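Novice: To be precise about what I am sending: the file is called start.json and holds JSON, C-alpha atoms.
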```json
[["chain", "number", "residue", "atom", "x", "y", "z"],
["A", 1, "MET", "CA", 76.89, 72.66, 40.62],
["A", 2, "VAL", "CA", 73.34, 73.51, 41.57],
["A", 3, "GLU", "CA", 70.31, 71.42, 40.78],
["A", 4, "ALA", "CA", 66.78, 72.59, 41.42],
["A", 5, "ALA", "CA", 63.23, 71.63, 40.60],
["A", 6, "PHE", "CA", 60.86, 74.11, 38.99],
["A", 7, "GLN", "CA", 57.25, 74.20, 37.91],
["A", 8, "LYS", "CA", 56.69, 76.81, 35.18],
["A", 9, "PHE", "CA", 59.84, 78.90, 35.11],
["A", 10, "PRO", "CA", 63.46, 77.80, 35.54],
["A", 11, "ALA", "CA", 64.49, 79.71, 38.63],
["A", 12, "VAL", "CA", 67.00, 79.33, 41.42],
["A", 13, "PHE", "CA", 68.09, 81.14, 44.58],
["A", 14, "VAL", "CA", 71.18, 83.23, 43.95],
["A", 15, "SER", "CA", 73.23, 85.38, 46.34],
["A", 16, "LEU", "CA", 74.63, 88.68, 45.15],
["A", 17, "LYS", "CA", 77.53, 90.20, 47.06],
["A", 18, "GLY", "CA", 78.08, 93.85, 46.32],
["A", 19, "ARG", "CA", 81.20, 95.96, 46.47],
["A", 20, "ASN", "CA", 80.20, 97.13, 49.97],
["A", 21, "GLY", "CA", 80.07, 93.53, 51.21],
["A", 22, "ALA", "CA", 76.28, 93.45, 51.64],
["A", 23, "ILE", "CA", 74.44, 90.38, 50.38],
["A", 24, "ARG", "CA", 71.04, 90.08, 48.73],
["A", 25, "GLU", "CA", 69.69, 86.63, 47.96],
["A", 26, "CYS", "CA", 66.81, 86.40, 45.50],
["A", 27, "VAL", "CA", 64.96, 83.93, 43.35],
["A", 28, "ALA", "CA", 66.43, 84.50, 39.90],
["A", 29, "LEU", "CA", 64.86, 83.60, 36.60],
["A", 30, "VAL", "CA", 67.41, 81.74, 34.50],
["A", 31, "ASP", "CA", 67.18, 83.20, 31.02],
["A", 32, "PRO", "CA", 69.84, 82.27, 28.45],
["A", 33, "CYS", "CA", 68.27, 84.77, 26.03],
["A", 34, "ALA", "CA", 69.05, 87.72, 28.30],
["A", 35, "GLU", "CA", 72.40, 89.24, 27.32],
["A", 36, "TYR", "CA", 73.06, 90.45, 30.87],
["A", 37, "CYS", "CA", 72.06, 89.52, 34.39],
["A", 38, "VAL", "CA", 69.51, 91.90, 35.90],
["A", 39, "VAL", "CA", 69.19, 93.27, 39.43],
["A", 40, "PRO", "CA", 66.65, 95.82, 40.72],
["A", 41, "LYS", "CA", 68.01, 99.34, 41.09],
["A", 42, "VAL", "CA", 67.09, 99.41, 44.78],
["A", 43, "ASP", "CA", 69.19, 96.30, 45.41],
["A", 44, "ALA", "CA", 72.07, 97.61, 43.32],
["A", 45, "TYR", "CA", 72.04, 100.73, 45.49],
["A", 46, "ALA", "CA", 71.96, 98.65, 48.70],
["A", 47, "LEU", "CA", 74.87, 96.57, 47.41],
["A", 48, "GLY", "CA", 77.07, 99.62, 47.01],
["A", 49, "TYR", "CA", 76.33, 100.84, 43.49],
["A", 50, "PRO", "CA", 74.80, 104.32, 43.95],
["A", 51, "GLU", "CA", 75.31, 105.05, 40.25],
["A", 52, "ALA", "CA", 72.46, 102.62, 39.58],
["A", 53, "ALA", "CA", 70.02, 105.09, 41.09],
["A", 54, "ASN", "CA", 70.84, 107.85, 38.60],
["A", 55, "ASP", "CA", 67.71, 108.44, 36.55],
["A", 56, "ASP", "CA", 68.84, 111.79, 35.18],
["A", 57, "PRO", "CA", 68.36, 111.66, 31.39],
["A", 58, "VAL", "CA", 70.37, 114.86, 30.88],
["A", 59, "THR", "CA", 73.61, 113.69, 32.48],
["A", 60, "PRO", "CA", 73.74, 109.91, 32.08],
["A", 61, "GLN", "CA", 76.55, 108.01, 33.77],
["A", 62, "ASP", "CA", 79.44, 106.66, 31.73],
["A", 63, "ASN", "CA", 78.25, 103.15, 32.44],
["A", 64, "THR", "CA", 74.80, 103.68, 30.92],
["A", 65, "LEU", "CA", 73.84, 100.79, 28.69],
["A", 66, "THR", "CA", 71.28, 101.00, 25.90],
["A", 67, "PHE", "CA", 69.47, 97.72, 25.42],
["A", 68, "ALA", "CA", 66.57, 96.29, 23.46],
["A", 69, "SER", "CA", 63.75, 94.35, 25.09],
["A", 70, "PHE", "CA", 60.16, 93.33, 24.32],
["A", 71, "ASP", "CA", 59.33, 96.89, 25.34],
["A", 72, "GLY", "CA", 61.61, 98.60, 22.81],
["A", 73, "TYR", "CA", 64.82, 100.41, 23.67],
["A", 74, "GLY", "CA", 65.81, 101.09, 27.24],
["A", 75, "LYS", "CA", 68.70, 102.53, 29.23],
["A", 76, "ALA", "CA", 70.14, 101.28, 32.49],
["A", 77, "ALA", "CA", 73.35, 101.34, 34.50],
["A", 78, "LEU", "CA", 75.77, 98.53, 33.81],
["A", 79, "ILE", "CA", 77.49, 97.46, 37.04],
["A", 80, "GLU", "CA", 80.01, 94.81, 37.95],
["A", 81, "MET", "CA", 78.71, 92.61, 40.78],
["A", 82, "ALA", "CA", 81.60, 91.74, 43.08],
["A", 83, "GLU", "CA", 80.50, 88.14, 43.56],
["A", 84, "VAL", "CA", 77.59, 85.91, 42.60],
["A", 85, "MET", "CA", 77.09, 82.76, 44.65],
["A", 86, "LEU", "CA", 75.04, 80.05, 43.03],
["A", 87, "GLY", "CA", 74.89, 76.78, 44.89],
["A", 88, "GLY", "CA", 78.47, 75.92, 45.71],
["A", 89, "MET", "CA", 79.79, 77.99, 42.84],
["A", 90, "SER", "CA", 81.15, 81.48, 43.01],
["A", 91, "PHE", "CA", 81.45, 83.88, 40.09],
["A", 92, "ARG", "CA", 83.43, 87.08, 40.51],
["A", 93, "ARG", "CA", 82.99, 90.39, 38.71],
["A", 94, "VAL", "CA", 79.81, 89.56, 36.80],
["A", 95, "ASP", "CA", 78.15, 92.22, 34.65],
["A", 96, "PHE", "CA", 74.65, 93.16, 35.78],
["A", 97, "VAL", "CA", 72.18, 95.67, 34.46],
["A", 98, "ALA", "CA", 70.47, 97.65, 37.22],
["A", 99, "PHE", "CA", 66.94, 97.57, 35.92],
["A", 100, "ASP", "CA", 63.50, 97.14, 37.46],
["A", 101, "LEU", "CA", 61.58, 94.38, 35.76],
["A", 102, "PRO", "CA", 57.84, 95.04, 36.01],
["A", 103, "GLN", "CA", 56.75, 93.97, 39.48],
["A", 104, "VAL", "CA", 53.90, 91.95, 38.02],
["A", 105, "THR", "CA", 56.38, 89.48, 36.52],
["A", 106, "ARG", "CA", 57.14, 88.42, 40.13],
["A", 107, "PHE", "CA", 60.84, 88.14, 39.29],
["A", 108, "ASP", "CA", 63.31, 90.86, 40.08],
["A", 109, "VAL", "CA", 66.60, 89.14, 39.31],
["A", 110, "VAL", "CA", 67.57, 87.46, 36.05],
["A", 111, "ILE", "CA", 70.59, 85.27, 35.48],
["A", 112, "GLY", "CA", 71.59, 85.90, 31.89],
["A", 113, "ARG", "CA", 74.45, 85.26, 29.54],
["A", 114, "SER", "CA", 76.95, 87.48, 31.35],
["A", 115, "LEU", "CA", 77.11, 84.71, 33.98],
["A", 116, "LEU", "CA", 75.92, 81.67, 32.04],
["A", 117, "LYS", "CA", 78.68, 82.07, 29.44],
["A", 118, "SER", "CA", 81.16, 80.76, 32.02],
["A", 119, "THR", "CA", 79.28, 77.66, 33.07],
["A", 120, "LYS", "CA", 77.05, 74.87, 31.83],
["A", 121, "LEU", "CA", 73.26, 75.07, 31.82],
["A", 122, "GLU", "CA", 70.72, 72.28, 31.44],
["A", 123, "ILE", "CA", 66.98, 72.96, 31.52],
["A", 124, "ASP", "CA", 64.72, 69.92, 31.40],
["A", 125, "TYR", "CA", 61.19, 71.23, 31.03],
["A", 126, "LEU", "CA", 59.79, 67.73, 30.81],
["A", 127, "ALA", "CA", 61.13, 66.77, 34.23],
["A", 128, "GLY", "CA", 61.03, 70.29, 35.65],
["A", 129, "ARG", "CA", 64.72, 70.17, 36.55],
["A", 130, "LEU", "CA", 67.37, 72.84, 36.24],
["A", 131, "ARG", "CA", 71.08, 72.18, 36.50],
["A", 132, "ILE", "CA", 73.79, 74.83, 36.43],
["A", 133, "GLY", "CA", 77.44, 74.03, 36.74],
["A", 134, "GLY", "CA", 80.32, 72.13, 35.41],
["A", 135, "ALA", "CA", 82.90, 74.60, 34.25],
["A", 136, "GLY", "CA", 82.11, 77.39, 36.74],
["A", 137, "SER", "CA", 84.84, 79.61, 38.05],
["B", 1, "MET", "CA", 64.69, 94.22, 62.77],
["B", 2, "LEU", "CA", 61.11, 94.43, 61.56],
["B", 3, "LEU", "CA", 58.68, 91.62, 62.02],
["B", 4, "SER", "CA", 56.17, 90.44, 59.48],
["B", 5, "SER", "CA", 52.93, 92.38, 59.47],
["B", 6, "THR", "CA", 50.86, 89.26, 58.96],
["B", 7, "GLY", "CA", 53.14, 86.50, 60.12],
["B", 8, "GLY", "CA", 51.39, 85.96, 63.42],
["B", 9, "SER", "CA", 54.69, 85.81, 65.23],
["B", 10, "GLU", "CA", 54.17, 88.85, 67.42],
["B", 11, "PRO", "CA", 53.60, 87.90, 71.05],
["B", 12, "ALA", "CA", 50.73, 89.41, 73.02],
["B", 13, "GLY", "CA", 53.02, 91.00, 75.64],
["B", 14, "GLY", "CA", 55.49, 93.79, 74.96],
["B", 15, "GLU", "CA", 58.64, 91.72, 74.31],
["B", 16, "GLN", "CA", 59.07, 90.44, 70.77],
["B", 17, "ALA", "CA", 59.97, 86.82, 70.20],
["B", 18, "PRO", "CA", 62.09, 85.98, 67.17],
["B", 19, "PRO", "CA", 59.96, 84.98, 64.17],
["B", 20, "ALA", "CA", 59.31, 81.26, 63.83],
["B", 21, "GLU", "CA", 61.53, 79.15, 61.63],
["B", 22, "LEU", "CA", 59.52, 77.91, 58.65],
["B", 23, "GLU", "CA", 60.16, 75.58, 55.73],
["B", 24, "ILE", "CA", 60.23, 77.40, 52.38],
["B", 25, "PRO", "CA", 56.99, 75.67, 51.16],
["B", 26, "GLU", "CA", 55.32, 76.75, 54.43],
["B", 27, "ILE", "CA", 56.38, 80.34, 53.72],
["B", 28, "PHE", "CA", 54.90, 80.08, 50.22],
["B", 29, "GLN", "CA", 51.65, 78.84, 51.76],
["B", 30, "LYS", "CA", 51.46, 81.31, 54.64],
["B", 31, "TYR", "CA", 52.52, 84.39, 52.63],
["B", 32, "LYS", "CA", 50.93, 83.40, 49.33],
["B", 33, "ASP", "CA", 51.21, 86.06, 46.61],
["B", 34, "LYS", "CA", 53.34, 88.42, 48.71],
["B", 35, "TRP", "CA", 56.94, 89.53, 48.57],
["B", 36, "VAL", "CA", 58.80, 88.06, 51.54],
["B", 37, "ALA", "CA", 62.16, 88.82, 53.17],
["B", 38, "ILE", "CA", 63.71, 86.07, 55.23],
["B", 39, "THR", "CA", 66.83, 85.18, 57.13],
["B", 40, "VAL", "CA", 67.93, 81.79, 55.83],
["B", 41, "THR", "CA", 68.42, 79.26, 58.64],
["B", 42, "GLN", "CA", 68.92, 76.03, 56.71],
["B", 43, "ARG", "CA", 70.12, 75.03, 53.23],
["B", 44, "ASP", "CA", 70.17, 71.84, 51.20],
["B", 45, "LYS", "CA", 73.21, 70.23, 49.58],
["B", 46, "ASN", "CA", 72.92, 72.71, 46.70],
["B", 47, "LEU", "CA", 73.02, 75.55, 49.23],
["B", 48, "GLN", "CA", 69.48, 76.47, 48.27],
["B", 49, "PRO", "CA", 67.43, 77.80, 51.21],
["B", 50, "THR", "CA", 65.13, 75.22, 52.81],
["B", 51, "LYS", "CA", 64.18, 77.05, 56.03],
["B", 52, "GLY", "CA", 64.07, 80.62, 57.17],
["B", 53, "ARG", "CA", 62.68, 83.21, 59.53],
["B", 54, "VAL", "CA", 60.38, 85.78, 57.94],
["B", 55, "LEU", "CA", 61.59, 89.31, 58.66],
["B", 56, "ALA", "CA", 58.91, 91.14, 56.68],
["B", 57, "ASP", "CA", 56.30, 90.70, 54.00],
["B", 58, "ASP", "CA", 54.49, 93.10, 51.70],
["B", 59, "MET", "CA", 52.41, 93.27, 48.54],
["B", 60, "ASP", "CA", 54.95, 95.76, 47.17],
["B", 61, "ARG", "CA", 58.59, 94.80, 46.67],
["B", 62, "TYR", "CA", 59.84, 98.36, 47.23],
["B", 63, "ARG", "CA", 58.01, 98.77, 50.55],
["B", 64, "LEU", "CA", 59.38, 95.39, 51.55],
["B", 65, "ARG", "CA", 62.92, 96.56, 50.90],
["B", 66, "LEU", "CA", 62.35, 99.62, 53.05],
["B", 67, "LYS", "CA", 61.36, 97.33, 55.90],
["B", 68, "VAL", "CA", 64.65, 95.43, 55.72],
["B", 69, "ILE", "CA", 66.87, 98.31, 54.68],
["B", 70, "ARG", "CA", 69.16, 97.81, 57.68],
["B", 71, "GLU", "CA", 69.75, 94.11, 57.00],
["B", 72, "ARG", "CA", 73.20, 93.34, 55.60],
["B", 73, "GLU", "CA", 72.19, 89.87, 54.47],
["B", 74, "VAL", "CA", 68.63, 89.07, 53.48],
["B", 75, "CYS", "CA", 66.81, 86.74, 51.10],
["B", 76, "ILE", "CA", 63.89, 88.21, 49.13],
["B", 77, "PHE", "CA", 61.40, 86.40, 46.91],
["B", 78, "PHE", "CA", 57.80, 86.38, 45.76],
["B", 79, "ALA", "CA", 55.77, 83.60, 47.38],
["B", 80, "GLY", "CA", 53.73, 82.62, 44.37],
["B", 81, "GLU", "CA", 53.60, 82.45, 40.62],
["B", 82, "PRO", "CA", 53.01, 85.32, 38.17],
["B", 83, "MET", "CA", 49.29, 86.03, 37.80],
["B", 84, "TYR", "CA", 49.50, 86.30, 34.02],
["B", 85, "PRO", "CA", 51.37, 84.45, 31.27],
["B", 86, "LEU", "CA", 54.91, 85.78, 31.17],
["B", 87, "ILE", "CA", 56.68, 87.13, 28.09],
["B", 88, "LEU", "CA", 60.10, 88.61, 28.78]]
```
When written as structure tokens, how does the structure in this file appear?

Specialist:
Amino acid sequence: MVEAAFQKFPAVFVSLKGRNGAIRECVALVDPCAEYCVVPKVDAYALGYPEAANDDPVTPQDNTLTFASFDGYGKAALIEMAEVMLGGMSFRRVDFVAFDLPQVTRFDVVIGRSLLKSTKLEIDYLAGRLRIGGAGS
Amino acid sequence: MLLSSTGGSEPAGGEQAPPAELEIPEIFQKYKDKWVAITVTQRDKNLQPTKGRVLADDMDRYRLRLKVIREREVCIFFAGEPMYPLIL
């Protein structure tokens, strides 16, 4: 379980271990409304997913995902993160979309339903407390 | 390993000392409104980082990643809040 305080946005440090064994730890926005977790393309590439860097609209990769956001439709590579470490919990083979959130949002990683579906989430906005865990893998 | 451009941890003489270990709130204060890459040196019971050594900082998250491209394990975050109301 992980418990963290937050001010405006429920966020937590999360470590992503790629298929090449490299690790990137980031502050992740916890968003139960996001269907998938999100990682920047540059980090996906560094973690051993070169297919995330394919921006060629003519020959899209097989793992290209079409999604809807506040900005309309979008396309991005769907990758399987080897391991996600969140507090003392470890989640293996979690689906992530390699997508660059606008830099001005100040978040570049999102923890969405592709991870949250396998655990318990409590967000207490009144107290500014976030708790994730319970039935994690 | 690249040192922070503004961290003030570069010694006057040629040899480079390792960057100072700072508490996470200190990093937020010292590198306010910048993207920061750190090596985590201490964690709390939830394994959340509490202290670290700043490897690099930048206003741009892509330039920051170039600075730490050789690091196998690095922690990256923005030391501040979004400037505008957020709708995702």

Novice: Mind pulling up the distance from atom CA of Val30 of chain A to atom CA of Ala98 of chain A?

Specialist: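 Interatomic distance here is 16.4 Å.
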
Novice: If the cut-off is 10 Å, can you tell me the residues of chain A near chain B, counting all atoms listed in the file? I'd like them as a PyMOL selection string.

Specialist: chain A and resi 1-4+7-9+12-17+20-28+31+33-34+40+42-43+46-47+69-71+85-89+101-109

Novice: What does the structure give for the distance between atom CA of Lys67 of chain B and atom CA of Arg53 of chain B, in Å to one decimal?

Specialist: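 If I compute the distance from atom CA of Lys67 of chain B to atom CA of Arg53 of chain B, I get 14.6 Å.
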
Novice: Counting all atoms listed in the file, which of B:Thr50, B:Thr41, B:Asp58, B:Arg63 gets nearest to Pro19 of chain B?

Specialist: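 Ranked by minimum distance to Pro19 of chain B, first place goes to B:Thr41.
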
Novice: Rounded to one decimal place, report the atom CA of Asp62 of chain A-atom CA of Val39 of chain A distance in Å.

Specialist: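 Computing it gives 18.5 Å between the two atoms.
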